[in-house]
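To be precise, the following lines are entry.csv, and they hold CSV, N, CA and C atoms.
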chain,number,residue,atom,x,y,z
Z,1,TYR,N,-10.5,4.3,20.2
Z,1,TYR,CA,-10.0,3.3,19.2
Z,1,TYR,C,-11.0,2.2,18.9
Z,2,GLY,N,-11.0,1.7,17.7
Z,2,GLY,CA,-11.9,0.7,17.3
Z,2,GLY,C,-11.3,-0.7,17.7
Z,3,VAL,N,-11.9,-1.7,17.1
Z,3,VAL,CA,-11.5,-3.1,17.4
Z,3,VAL,C,-10.4,-3.4,16.4
Z,4,TRP,N,-9.3,-4.1,16.9
Z,4,TRP,CA,-8.2,-4.5,16.1
Z,4,TRP,C,-8.2,-6.0,15.9
Z,5,ASN,N,-7.8,-6.5,14.7
Z,5,ASN,CA,-7.6,-7.9,14.5
Z,5,ASN,C,-6.1,-8.1,14.3
Z,6,SER,N,-5.8,-9.4,14.4
Z,6,SER,CA,-4.3,-9.7,14.2
Z,6,SER,C,-3.9,-9.4,12.8
Z,7,SER,N,-4.8,-9.4,11.8
Z,7,SER,CA,-4.4,-9.1,10.4
Z,7,SER,C,-4.2,-7.6,10.3
Z,8,ASP,N,-4.5,-6.8,11.3
Z,8,ASP,CA,-4.3,-5.3,11.2
Z,8,ASP,C,-2.9,-4.9,11.6
Z,9,VAL,N,-2.1,-5.8,12.2
Z,9,VAL,CA,-0.8,-5.4,12.7
Z,9,VAL,C,0.3,-6.5,12.3
Z,10,THR,N,1.5,-6.0,12.4
Z,10,THR,CA,2.6,-6.9,12.3
Z,10,THR,C,3.3,-6.9,13.7
Z,11,CYS,N,3.7,-8.1,14.1
Z,11,CYS,CA,4.3,-8.2,15.4
Z,11,CYS,C,5.8,-8.6,15.3
Z,12,THR,N,6.6,-7.9,15.9
Z,12,THR,CA,8.1,-8.2,15.9
Z,12,THR,C,8.7,-8.0,17.3
Z,13,LYS,N,9.8,-8.6,17.5
Z,13,LYS,CA,10.6,-8.4,18.7
Z,13,LYS,C,11.2,-7.0,18.6
Z,14,ARG,N,11.3,-6.3,19.7
Z,14,ARG,CA,11.9,-5.0,19.7
Z,14,ARG,C,13.3,-5.1,19.2
Z,15,GLY,N,13.6,-4.1,18.3
Z,15,GLY,CA,14.9,-4.1,17.7
Z,15,GLY,C,15.8,-3.1,18.4
Z,16,ASP,N,15.4,-2.5,19.5
Z,16,ASP,CA,16.3,-1.4,20.1
Z,16,ASP,C,17.0,-2.0,21.3
Z,17,GLY,N,17.2,-3.3,21.4
Z,17,GLY,CA,17.9,-3.9,22.5
Z,17,GLY,C,17.1,-4.2,23.7
Z,18,GLY,N,15.9,-3.7,23.8
Z,18,GLY,CA,15.0,-4.0,24.9
Z,18,GLY,C,14.3,-5.3,24.7
Z,19,GLU,N,13.7,-5.8,25.8
Z,19,GLU,CA,12.9,-7.1,25.7
Z,19,GLU,C,11.5,-6.7,25.5
Z,20,GLY,N,10.8,-7.4,24.7
Z,20,GLY,CA,9.4,-7.2,24.5
Z,20,GLY,C,9.0,-7.3,23.0
Z,21,LEU,N,7.8,-6.9,22.7
Z,21,LEU,CA,7.2,-6.9,21.4
Z,21,LEU,C,6.8,-5.6,20.9
Z,22,GLU,N,6.7,-5.4,19.6
Z,22,GLU,CA,6.2,-4.2,19.0
Z,22,GLU,C,5.1,-4.6,18.0
Z,23,PHE,N,3.9,-4.0,18.1
Z,23,PHE,CA,2.8,-4.2,17.2
Z,23,PHE,C,2.7,-3.0,16.3
Z,24,VAL,N,2.9,-3.1,15.0
Z,24,VAL,CA,2.9,-2.0,14.1
Z,24,VAL,C,1.6,-2.1,13.2
Z,25,PHE,N,0.8,-1.1,13.1
Z,25,PHE,CA,-0.4,-1.1,12.3
Z,25,PHE,C,0.0,-1.0,10.8
Z,26,LYS,N,-0.6,-1.8,10.0
Z,26,LYS,CA,-0.4,-1.8,8.6
Z,26,LYS,C,-1.1,-0.7,7.8
Z,27,ASP,N,-2.3,-0.4,8.2
Z,27,ASP,CA,-3.1,0.6,7.5
Z,27,ASP,C,-2.6,2.0,7.7
Z,28,PRO,N,-2.6,2.8,6.7
Z,28,PRO,CA,-2.2,4.2,6.8
Z,28,PRO,C,-3.0,5.0,7.9
Z,29,ASN,N,-4.2,4.5,8.1
Z,29,ASN,CA,-5.0,5.1,9.2
Z,29,ASN,C,-4.6,4.7,10.6
Z,30,GLY,N,-3.7,3.8,10.7
Z,30,GLY,CA,-3.2,3.3,12.0
Z,30,GLY,C,-4.3,2.6,12.7
Z,31,GLY,N,-4.1,2.6,14.1
Z,31,GLY,CA,-5.0,1.9,14.9
Z,31,GLY,C,-6.1,2.8,15.5
Z,32,GLY,N,-6.2,4.0,15.0
Z,32,GLY,CA,-7.2,5.0,15.5
Z,32,GLY,C,-6.6,6.3,15.7
Z,33,VAL,N,-7.4,7.3,16.1
Z,33,VAL,CA,-7.0,8.7,16.3
Z,33,VAL,C,-7.3,9.2,17.7
Z,34,ALA,N,-6.3,9.8,18.3
Z,34,ALA,CA,-6.5,10.5,19.6
Z,34,ALA,C,-6.5,12.0,19.4
Z,35,GLN,N,-7.4,12.7,20.1
Z,35,GLN,CA,-7.5,14.1,20.0
Z,35,GLN,C,-7.0,14.7,21.3
Z,36,VAL,N,-6.1,15.7,21.3
Z,36,VAL,CA,-5.6,16.3,22.5
Z,36,VAL,C,-5.7,17.8,22.3
Z,37,GLY,N,-6.3,18.4,23.3
Z,37,GLY,CA,-6.4,19.9,23.2
Z,37,GLY,C,-7.2,20.5,24.4
Z,38,ARG,N,-7.3,21.8,24.3
Z,38,ARG,CA,-8.0,22.5,25.4
Z,38,ARG,C,-9.5,22.7,25.2
Z,39,SER,N,-9.9,22.6,24.0
Z,39,SER,CA,-11.4,22.8,23.8
Z,39,SER,C,-11.7,22.0,22.5
Z,40,ILE,N,-13.0,22.0,22.2
Z,40,ILE,CA,-13.5,21.3,21.0
Z,40,ILE,C,-13.0,21.9,19.7
Z,41,ARG,N,-12.7,23.2,19.8
Z,41,ARG,CA,-12.2,23.9,18.6
Z,41,ARG,C,-10.7,24.0,18.5
Z,42,ASP,N,-10.0,23.7,19.6
Z,42,ASP,CA,-8.6,23.8,19.6
Z,42,ASP,C,-7.9,22.5,20.1
Z,43,TYR,N,-7.6,21.6,19.1
Z,43,TYR,CA,-7.0,20.4,19.5
Z,43,TYR,C,-6.2,19.9,18.3
Z,44,ASP,N,-5.3,19.0,18.6
Z,44,ASP,CA,-4.4,18.3,17.7
Z,44,ASP,C,-4.9,16.8,17.6
Z,45,GLU,N,-4.7,16.2,16.5
Z,45,GLU,CA,-5.0,14.8,16.3
Z,45,GLU,C,-3.8,14.0,16.1
Z,46,TYR,N,-3.7,12.8,16.6
Z,46,TYR,CA,-2.6,11.9,16.5
Z,46,TYR,C,-3.1,10.5,16.1
Z,47,VAL,N,-2.3,9.9,15.2
Z,47,VAL,CA,-2.7,8.5,14.7
Z,47,VAL,C,-1.8,7.5,15.5
Z,48,LEU,N,-2.5,6.5,16.0
Z,48,LEU,CA,-1.8,5.4,16.7
Z,48,LEU,C,-1.0,4.6,15.7
Z,49,ARG,N,0.3,4.5,15.7
Z,49,ARG,CA,1.1,3.8,14.8
Z,49,ARG,C,1.6,2.5,15.3
Z,50,SER,N,1.9,2.4,16.6
Z,50,SER,CA,2.4,1.1,17.1
Z,50,SER,C,2.2,1.0,18.6
Z,51,ILE,N,2.2,-0.2,19.1
Z,51,ILE,CA,2.1,-0.5,20.5
Z,51,ILE,C,3.4,-1.3,20.9
Z,52,ARG,N,4.1,-0.8,21.9
Z,52,ARG,CA,5.3,-1.5,22.4
Z,52,ARG,C,5.0,-2.1,23.8
Z,53,VAL,N,5.2,-3.3,23.9
Z,53,VAL,CA,5.1,-4.0,25.2
Z,53,VAL,C,6.5,-4.4,25.7
Z,54,THR,N,7.0,-3.8,26.8
Z,54,THR,CA,8.3,-4.1,27.2
Z,54,THR,C,8.3,-4.8,28.6
Z,55,THR,N,9.3,-5.6,28.7
Z,55,THR,CA,9.5,-6.4,30.0
Z,55,THR,C,11.0,-6.3,30.3
Z,56,PRO,N,11.4,-5.9,31.5
Z,56,PRO,CA,10.6,-5.2,32.5
Z,56,PRO,C,10.3,-3.8,31.9
Z,57,SER,N,9.6,-3.0,32.6
Z,57,SER,CA,9.2,-1.7,32.2
Z,57,SER,C,10.4,-0.8,31.9
Z,58,ASP,N,10.3,0.1,30.9
Z,58,ASP,CA,11.3,1.1,30.6
Z,58,ASP,C,11.2,2.3,31.6
Z,59,HIS,N,10.1,2.5,32.1
Z,59,HIS,CA,9.8,3.7,32.9
Z,59,HIS,C,9.4,3.2,34.3
Z,60,THR,N,9.4,4.2,35.2
Z,60,THR,CA,9.0,3.9,36.6
Z,60,THR,C,7.6,4.5,36.8
Z,61,PHE,N,6.9,3.9,37.8
Z,61,PHE,CA,5.6,4.3,38.2
Z,61,PHE,C,5.7,4.4,39.8
Z,62,LEU,N,5.5,5.6,40.3
Z,62,LEU,CA,5.6,5.9,41.7
Z,62,LEU,C,7.0,5.4,42.2
Z,63,GLY,N,8.0,5.7,41.3
Z,63,GLY,CA,9.4,5.4,41.7
Z,63,GLY,C,9.8,4.0,41.6
Z,64,ARG,N,9.0,3.1,41.0
Z,64,ARG,CA,9.4,1.7,40.9
Z,64,ARG,C,9.2,1.2,39.5
Z,65,PHE,N,10.1,0.4,39.1
Z,65,PHE,CA,10.0,-0.3,37.8
Z,65,PHE,C,9.0,-1.5,38.0
Z,66,LEU,N,8.1,-1.6,37.0
Z,66,LEU,CA,7.1,-2.7,37.0
Z,66,LEU,C,7.5,-3.8,36.1
Z,67,PRO,N,6.9,-5.0,36.2
Z,67,PRO,CA,7.2,-6.1,35.4
Z,67,PRO,C,7.1,-5.9,33.9
Z,68,MET,N,6.2,-5.0,33.6
Z,68,MET,CA,5.9,-4.7,32.2
Z,68,MET,C,5.3,-3.3,32.0
Z,69,ASP,N,5.5,-2.7,30.8
Z,69,ASP,CA,4.8,-1.5,30.5
Z,69,ASP,C,4.3,-1.6,29.0
Z,70,VAL,N,3.3,-0.8,28.7
Z,70,VAL,CA,2.7,-0.7,27.4
Z,70,VAL,C,2.9,0.8,26.9
Z,71,GLN,N,3.5,1.0,25.8
Z,71,GLN,CA,3.7,2.3,25.2
Z,71,GLN,C,2.9,2.4,23.9
Z,72,LEU,N,2.1,3.4,23.8
Z,72,LEU,CA,1.3,3.7,22.6
Z,72,LEU,C,2.1,4.8,21.8
Z,73,TRP,N,2.5,4.5,20.6
Z,73,TRP,CA,3.3,5.4,19.8
Z,73,TRP,C,2.4,6.1,18.7
Z,74,HIS,N,2.3,7.4,18.8
Z,74,HIS,CA,1.5,8.1,17.9
Z,74,HIS,C,2.3,9.0,17.0
Z,75,GLU,N,1.7,9.5,15.9
Z,75,GLU,CA,2.3,10.6,15.1
Z,75,GLU,C,1.2,11.5,14.7
Z,76,PRO,N,1.6,12.8,14.4
Z,76,PRO,CA,0.5,13.8,14.1
Z,76,PRO,C,-0.3,13.3,12.9
Z,77,LEU,N,-1.6,13.6,13.0
Z,77,LEU,CA,-2.5,13.2,11.9
Z,77,LEU,C,-2.1,13.8,10.5
Z,78,LEU,N,-1.4,14.9,10.5
Z,78,LEU,CA,-0.9,15.5,9.3
Z,78,LEU,C,-0.1,14.5,8.5
Z,79,GLN,N,0.7,13.7,9.2
Z,79,GLN,CA,1.5,12.7,8.5
Z,79,GLN,C,0.6,11.7,7.7
Z,80,ARG,N,-0.5,11.3,8.4
Z,80,ARG,CA,-1.4,10.3,7.7
Z,80,ARG,C,-2.1,11.0,6.6
Z,81,GLU,N,-2.5,12.2,6.7
Z,81,GLU,CA,-3.1,12.9,5.6
Z,81,GLU,C,-2.2,13.1,4.4
Z,82,LEU,N,-0.9,13.4,4.7
Z,82,LEU,CA,0.1,13.5,3.6
Z,82,LEU,C,0.3,12.1,2.9
Z,83,ALA,N,0.3,11.1,3.7
Z,83,ALA,CA,0.4,9.7,3.1
Z,83,ALA,C,-0.8,9.4,2.2
Z,84,VAL,N,-2.0,9.8,2.6
Z,84,VAL,CA,-3.2,9.6,1.8
Z,84,VAL,C,-3.1,10.4,0.5
Z,85,LEU,N,-2.6,11.6,0.6
Z,85,LEU,CA,-2.5,12.5,-0.6
Z,85,LEU,C,-1.4,11.9,-1.5
Z,86,ARG,N,-0.4,11.4,-1.0
Z,86,ARG,CA,0.7,10.8,-1.8
Z,86,ARG,C,0.1,9.6,-2.6
Z,87,GLU,N,-0.7,8.8,-2.0
Z,87,GLU,CA,-1.3,7.6,-2.6
Z,87,GLU,C,-2.3,8.1,-3.7
Z,88,LYS,N,-3.1,9.1,-3.4
Z,88,LYS,CA,-4.0,9.7,-4.5
Z,88,LYS,C,-3.2,10.2,-5.6
Z,89,ARG,N,-2.1,10.9,-5.4
Z,89,ARG,CA,-1.3,11.5,-6.4
Z,89,ARG,C,-0.7,10.4,-7.3
Z,90,ALA,N,-0.3,9.3,-6.7
Z,90,ALA,CA,0.3,8.2,-7.5
Z,90,ALA,C,-0.8,7.6,-8.4
Z,91,GLY,N,-2.0,7.5,-7.8
Z,91,GLY,CA,-3.1,6.9,-8.6
Z,91,GLY,C,-3.5,7.8,-9.8
Z,92,ILE,N,-3.5,9.1,-9.6
Z,92,ILE,CA,-3.8,10.1,-10.6
Z,92,ILE,C,-2.7,10.0,-11.7
Z,93,ARG,N,-1.5,10.0,-11.3
Z,93,ARG,CA,-0.3,9.9,-12.2
Z,93,ARG,C,-0.4,8.7,-13.1
Z,94,ALA,N,-0.8,7.6,-12.5
Z,94,ALA,CA,-0.9,6.3,-13.2
Z,94,ALA,C,-2.1,6.4,-14.2
Z,95,ARG,N,-3.2,7.1,-13.9
Z,95,ARG,CA,-4.3,7.2,-14.8
Z,95,ARG,C,-3.9,8.2,-15.9
Z,96,LEU,N,-3.1,9.2,-15.6
Z,96,LEU,CA,-2.7,10.2,-16.6
Z,96,LEU,C,-1.6,9.7,-17.6
Z,97,ALA,N,-0.9,8.7,-17.2
Z,97,ALA,CA,0.3,8.3,-18.0
Z,97,ALA,C,-0.1,8.0,-19.4
Z,98,PRO,N,-1.1,7.2,-19.7
Z,98,PRO,CA,-1.5,7.0,-21.2
Z,98,PRO,C,-1.8,8.3,-21.9
Z,99,LEU,N,-2.5,9.2,-21.2
Z,99,LEU,CA,-2.8,10.5,-21.9
Z,99,LEU,C,-1.5,11.3,-22.2
Z,100,LEU,N,-0.6,11.3,-21.2
Z,100,LEU,CA,0.7,12.0,-21.4
Z,100,LEU,C,1.5,11.4,-22.5
Z,101,ARG,N,1.5,10.1,-22.7
Z,101,ARG,CA,2.1,9.4,-23.8
Z,101,ARG,C,1.5,9.9,-25.1
Z,102,LYS,N,0.2,10.0,-25.2
Z,102,LYS,CA,-0.5,10.4,-26.4
Z,102,LYS,C,-0.1,11.9,-26.7
Z,103,VAL,N,-0.1,12.7,-25.7
Z,103,VAL,CA,0.3,14.1,-25.9
Z,103,VAL,C,1.7,14.2,-26.4
Z,104,SER,N,2.6,13.4,-25.9
Z,104,SER,CA,4.0,13.4,-26.4
Z,104,SER,C,4.1,13.0,-27.8
Z,105,LEU,N,3.3,11.9,-28.2
Z,105,LEU,CA,3.3,11.5,-29.6
Z,105,LEU,C,2.7,12.6,-30.5
Z,106,TRP,N,1.7,13.3,-30.0
Z,106,TRP,CA,1.1,14.4,-30.8
Z,106,TRP,C,2.1,15.5,-31.0
Z,107,GLU,N,2.8,15.9,-29.9
Z,107,GLU,CA,3.8,16.9,-30.0
Z,107,GLU,C,4.9,16.5,-31.0
Z,108,GLN,N,5.3,15.3,-31.0
Z,108,GLN,CA,6.3,14.8,-31.9
Z,108,GLN,C,5.8,14.9,-33.4
Z,109,GLY,N,4.5,14.5,-33.6
Z,109,GLY,CA,3.9,14.7,-34.9
Z,109,GLY,C,3.9,16.1,-35.4
Z,110,VAL,N,3.5,17.0,-34.5
Z,110,VAL,CA,3.5,18.4,-34.8
Z,110,VAL,C,4.9,18.9,-35.2
Z,111,ALA,N,5.9,18.5,-34.4
Z,111,ALA,CA,7.3,18.9,-34.7
Z,111,ALA,C,7.7,18.3,-36.0
Z,112,ASP,N,7.4,17.1,-36.3
Z,112,ASP,CA,7.7,16.5,-37.6
Z,112,ASP,C,7.1,17.2,-38.8
Z,113,THR,N,5.8,17.6,-38.6
Z,113,THR,CA,5.1,18.4,-39.6
Z,113,THR,C,5.8,19.7,-39.9
Z,114,LEU,N,6.1,20.4,-38.8
Z,114,LEU,CA,6.8,21.7,-38.9
Z,114,LEU,C,8.1,21.5,-39.6
Z,115,HIS,N,8.8,20.5,-39.3
Z,115,HIS,CA,10.1,20.3,-39.9
Z,115,HIS,C,10.0,19.9,-41.4
Z,116,MET,N,8.9,19.2,-41.7
Z,116,MET,CA,8.6,18.9,-43.1
Z,116,MET,C,8.4,20.1,-43.9
Z,117,GLU,N,7.6,21.1,-43.3
Z,117,GLU,CA,7.4,22.3,-44.1
Z,117,GLU,C,8.6,23.1,-44.3
Z,118,GLU,N,9.6,23.0,-43.4
Z,118,GLU,CA,10.9,23.7,-43.6
Z,118,GLU,C,11.7,23.1,-44.7
Z,119,THR,N,11.7,21.8,-44.8
Z,119,THR,CA,12.6,21.1,-45.7
Z,119,THR,C,12.0,20.9,-47.1
Z,120,ASN,N,10.7,21.0,-47.2
Z,120,ASN,CA,10.0,20.7,-48.5
Z,120,ASN,C,9.2,21.9,-48.9
Z,121,ASN,N,9.9,23.0,-49.1
Z,121,ASN,CA,9.1,24.2,-49.4
Z,121,ASN,C,8.9,24.4,-50.9
Z,122,SER,N,9.3,23.4,-51.7
Z,122,SER,CA,9.2,23.5,-53.2
Z,122,SER,C,7.9,22.8,-53.7
Z,123,PHE,N,7.2,22.2,-52.8
Z,123,PHE,CA,6.0,21.4,-53.2
Z,123,PHE,C,4.8,22.3,-53.1
Z,124,PRO,N,3.9,22.4,-54.0
Z,124,PRO,CA,4.0,21.8,-55.4
Z,124,PRO,C,4.9,22.7,-56.2
Z,125,SER,N,5.7,22.1,-57.1
Z,125,SER,CA,6.5,22.8,-58.0
Z,125,SER,C,5.7,23.4,-59.1
Z,126,ALA,N,6.3,24.3,-59.9
Z,126,ALA,CA,5.6,25.0,-61.0
Z,126,ALA,C,5.3,23.9,-62.1
Z,127,ARG,N,6.1,22.9,-62.3
Z,127,ARG,CA,5.9,21.9,-63.3
Z,127,ARG,C,4.7,21.1,-62.9
Z,128,ILE,N,4.5,20.7,-61.6
Z,128,ILE,CA,3.4,19.9,-61.1
Z,128,ILE,C,2.1,20.7,-61.3
Z,129,GLU,N,2.2,22.0,-61.0
Z,129,GLU,CA,1.0,22.8,-61.2
Z,129,GLU,C,0.5,22.9,-62.6
Z,130,ARG,N,1.5,23.0,-63.6
Z,130,ARG,CA,1.1,23.0,-65.0
Z,130,ARG,C,0.5,21.7,-65.4
Z,131,ASP,N,1.1,20.6,-64.9
Z,131,ASP,CA,0.5,19.2,-65.2
Z,131,ASP,C,-0.9,19.1,-64.7
Z,132,TRP,N,-1.2,19.7,-63.5
Z,132,TRP,CA,-2.6,19.6,-62.9
Z,132,TRP,C,-3.5,20.5,-63.8
Z,133,LEU,N,-3.1,21.6,-64.2
Z,133,LEU,CA,-3.9,22.5,-65.0
Z,133,LEU,C,-4.2,21.8,-66.3
Z,134,ARG,N,-3.2,21.2,-67.0
Z,134,ARG,CA,-3.5,20.4,-68.2
Z,134,ARG,C,-4.5,19.3,-68.1
Z,135,SER,N,-4.3,18.6,-67.0
Z,135,SER,CA,-5.2,17.5,-66.7
Z,135,SER,C,-6.7,17.9,-66.4
Z,136,ALA,N,-6.8,19.1,-65.9
Z,136,ALA,CA,-8.1,19.7,-65.6
Z,136,ALA,C,-8.8,20.1,-66.9
Z,137,GLU,N,-8.0,20.5,-67.9
Z,137,GLU,CA,-8.6,21.0,-69.2
Z,137,GLU,C,-9.2,19.9,-70.0

What is this file in structure tokens?
Amino acid sequence: YGVWNSSDVTCTKRGDGGEGLEFVFKDPNGGGVAQVGRSIRDYDEYVLRSIRVTTPSDHTFLGRFLPMDVQLWHEPLLQRELAVLREKRAGIRARLAPLLRKVSLWEQGVADTLHMEETNNSFPSARIERDWLRSAE
């Protein structure tokens, strides 16, 4: 894990009825990544999401409760990657929105033009064509 600053986390009292604090990382990348596996090619990655400090400890060590314990809460890296993809998708959609509006207006213009051809099939009329021919002579 890298170095953390107080601006990287929010600190709250535990909301689950226990005594202590919870530090939650603001960044989608969390507080760092832990790799767990049997070999360099076979491992899973987990993102550190929060740190819980509880008093007294929630768990025992060598059969005894201690004055305090620290719990590191992780989630699979896949969740972080999905969050990053969701952010990128939202950015792309925002950039495409003006283009999609233009396409919609263009489609409406095409539909209006097609509708105009259906309703105005007498243009030019035979009378207008004779007038044009006369004016050309």

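Atom to atom, CA of Cys11 (chain Z) and CA of Val24 (chain Z) stand 6.5 Å apart.
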
Q. Any idea what's packed within 5 Å of region 30-37 of chain Z, counting all atoms listed in the file, ignoring anything in its chain fewer than 5 positions away? Could you give it as a ChimeraX atom specification?
A. /Z:1,42-48

Q) Where in chain Z does DSSP assign strand (DSSP E or B), given as number ranges by chain? A) Z: 9-13, 20-25, 33-39, 42-54, 60-61, 64-65, 69-76

With N, CA and C atoms retained, could you export that selection as a tab-separated table (two decimals), in the frame of the given file?
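Wrote it out as again18.tsv, contents follow:
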chain	number	residue	atom	x	y	z
Z	9	VAL	N	-2.10	-5.80	12.20
Z	9	VAL	CA	-0.80	-5.40	12.70
Z	9	VAL	C	0.30	-6.50	12.30
Z	10	THR	N	1.50	-6.00	12.40
Z	10	THR	CA	2.60	-6.90	12.30
Z	10	THR	C	3.30	-6.90	13.70
Z	11	CYS	N	3.70	-8.10	14.10
Z	11	CYS	CA	4.30	-8.20	15.40
Z	11	CYS	C	5.80	-8.60	15.30
Z	12	THR	N	6.60	-7.90	15.90
Z	12	THR	CA	8.10	-8.20	15.90
Z	12	THR	C	8.70	-8.00	17.30
Z	13	LYS	N	9.80	-8.60	17.50
Z	13	LYS	CA	10.60	-8.40	18.70
Z	13	LYS	C	11.20	-7.00	18.60
Z	20	GLY	N	10.80	-7.40	24.70
Z	20	GLY	CA	9.40	-7.20	24.50
Z	20	GLY	C	9.00	-7.30	23.00
Z	21	LEU	N	7.80	-6.90	22.70
Z	21	LEU	CA	7.20	-6.90	21.40
Z	21	LEU	C	6.80	-5.60	20.90
Z	22	GLU	N	6.70	-5.40	19.60
Z	22	GLU	CA	6.20	-4.20	19.00
Z	22	GLU	C	5.10	-4.60	18.00
Z	23	PHE	N	3.90	-4.00	18.10
Z	23	PHE	CA	2.80	-4.20	17.20
Z	23	PHE	C	2.70	-3.00	16.30
Z	24	VAL	N	2.90	-3.10	15.00
Z	24	VAL	CA	2.90	-2.00	14.10
Z	24	VAL	C	1.60	-2.10	13.20
Z	25	PHE	N	0.80	-1.10	13.10
Z	25	PHE	CA	-0.40	-1.10	12.30
Z	25	PHE	C	0.00	-1.00	10.80
Z	33	VAL	N	-7.40	7.30	16.10
Z	33	VAL	CA	-7.00	8.70	16.30
Z	33	VAL	C	-7.30	9.20	17.70
Z	34	ALA	N	-6.30	9.80	18.30
Z	34	ALA	CA	-6.50	10.50	19.60
Z	34	ALA	C	-6.50	12.00	19.40
Z	35	GLN	N	-7.40	12.70	20.10
Z	35	GLN	CA	-7.50	14.10	20.00
Z	35	GLN	C	-7.00	14.70	21.30
Z	36	VAL	N	-6.10	15.70	21.30
Z	36	VAL	CA	-5.60	16.30	22.50
Z	36	VAL	C	-5.70	17.80	22.30
Z	37	GLY	N	-6.30	18.40	23.30
Z	37	GLY	CA	-6.40	19.90	23.20
Z	37	GLY	C	-7.20	20.50	24.40
Z	38	ARG	N	-7.30	21.80	24.30
Z	38	ARG	CA	-8.00	22.50	25.40
Z	38	ARG	C	-9.50	22.70	25.20
Z	39	SER	N	-9.90	22.60	24.00
Z	39	SER	CA	-11.40	22.80	23.80
Z	39	SER	C	-11.70	22.00	22.50
Z	42	ASP	N	-10.00	23.70	19.60
Z	42	ASP	CA	-8.60	23.80	19.60
Z	42	ASP	C	-7.90	22.50	20.10
Z	43	TYR	N	-7.60	21.60	19.10
Z	43	TYR	CA	-7.00	20.40	19.50
Z	43	TYR	C	-6.20	19.90	18.30
Z	44	ASP	N	-5.30	19.00	18.60
Z	44	ASP	CA	-4.40	18.30	17.70
Z	44	ASP	C	-4.90	16.80	17.60
Z	45	GLU	N	-4.70	16.20	16.50
Z	45	GLU	CA	-5.00	14.80	16.30
Z	45	GLU	C	-3.80	14.00	16.10
Z	46	TYR	N	-3.70	12.80	16.60
Z	46	TYR	CA	-2.60	11.90	16.50
Z	46	TYR	C	-3.10	10.50	16.10
Z	47	VAL	N	-2.30	9.90	15.20
Z	47	VAL	CA	-2.70	8.50	14.70
Z	47	VAL	C	-1.80	7.50	15.50
Z	48	LEU	N	-2.50	6.50	16.00
Z	48	LEU	CA	-1.80	5.40	16.70
Z	48	LEU	C	-1.00	4.60	15.70
Z	49	ARG	N	0.30	4.50	15.70
Z	49	ARG	CA	1.10	3.80	14.80
Z	49	ARG	C	1.60	2.50	15.30
Z	50	SER	N	1.90	2.40	16.60
Z	50	SER	CA	2.40	1.10	17.10
Z	50	SER	C	2.20	1.00	18.60
Z	51	ILE	N	2.20	-0.20	19.10
Z	51	ILE	CA	2.10	-0.50	20.50
Z	51	ILE	C	3.40	-1.30	20.90
Z	52	ARG	N	4.10	-0.80	21.90
Z	52	ARG	CA	5.30	-1.50	22.40
Z	52	ARG	C	5.00	-2.10	23.80
Z	53	VAL	N	5.20	-3.30	23.90
Z	53	VAL	CA	5.10	-4.00	25.20
Z	53	VAL	C	6.50	-4.40	25.70
Z	54	THR	N	7.00	-3.80	26.80
Z	54	THR	CA	8.30	-4.10	27.20
Z	54	THR	C	8.30	-4.80	28.60
Z	60	THR	N	9.40	4.20	35.20
Z	60	THR	CA	9.00	3.90	36.60
Z	60	THR	C	7.60	4.50	36.80
Z	61	PHE	N	6.90	3.90	37.80
Z	61	PHE	CA	5.60	4.30	38.20
Z	61	PHE	C	5.70	4.40	39.80
Z	64	ARG	N	9.00	3.10	41.00
Z	64	ARG	CA	9.40	1.70	40.90
Z	64	ARG	C	9.20	1.20	39.50
Z	65	PHE	N	10.10	0.40	39.10
Z	65	PHE	CA	10.00	-0.30	37.80
Z	65	PHE	C	9.00	-1.50	38.00
Z	69	ASP	N	5.50	-2.70	30.80
Z	69	ASP	CA	4.80	-1.50	30.50
Z	69	ASP	C	4.30	-1.60	29.00
Z	70	VAL	N	3.30	-0.80	28.70
Z	70	VAL	CA	2.70	-0.70	27.40
Z	70	VAL	C	2.90	0.80	26.90
Z	71	GLN	N	3.50	1.00	25.80
Z	71	GLN	CA	3.70	2.30	25.20
Z	71	GLN	C	2.90	2.40	23.90
Z	72	LEU	N	2.10	3.40	23.80
Z	72	LEU	CA	1.30	3.70	22.60
Z	72	LEU	C	2.10	4.80	21.80
Z	73	TRP	N	2.50	4.50	20.60
Z	73	TRP	CA	3.30	5.40	19.80
Z	73	TRP	C	2.40	6.10	18.70
Z	74	HIS	N	2.30	7.40	18.80
Z	74	HIS	CA	1.50	8.10	17.90
Z	74	HIS	C	2.30	9.00	17.00
Z	75	GLU	N	1.70	9.50	15.90
Z	75	GLU	CA	2.30	10.60	15.10
Z	75	GLU	C	1.20	11.50	14.70
Z	76	PRO	N	1.60	12.80	14.40
Z	76	PRO	CA	0.50	13.80	14.10
Z	76	PRO	C	-0.30	13.30	12.90

Q | Nearest residue to Asp27 (chain Z) from the set Z:Thr54, Z:Ser135, Z:Ser7, Z:Thr12 (distances using all atoms listed in the file) | A |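 Of the candidates, the smallest distance to Asp27 (chain Z) is held by Z:Ser7.
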
**Q.** Nearby residues (all atoms listed in the file) at most 8 Å from Phe23 (chain Z), same-chain spacing under 3 positions excluded, as number ranges by chain
**A.** Z: 8-14, 20, 26, 49-53
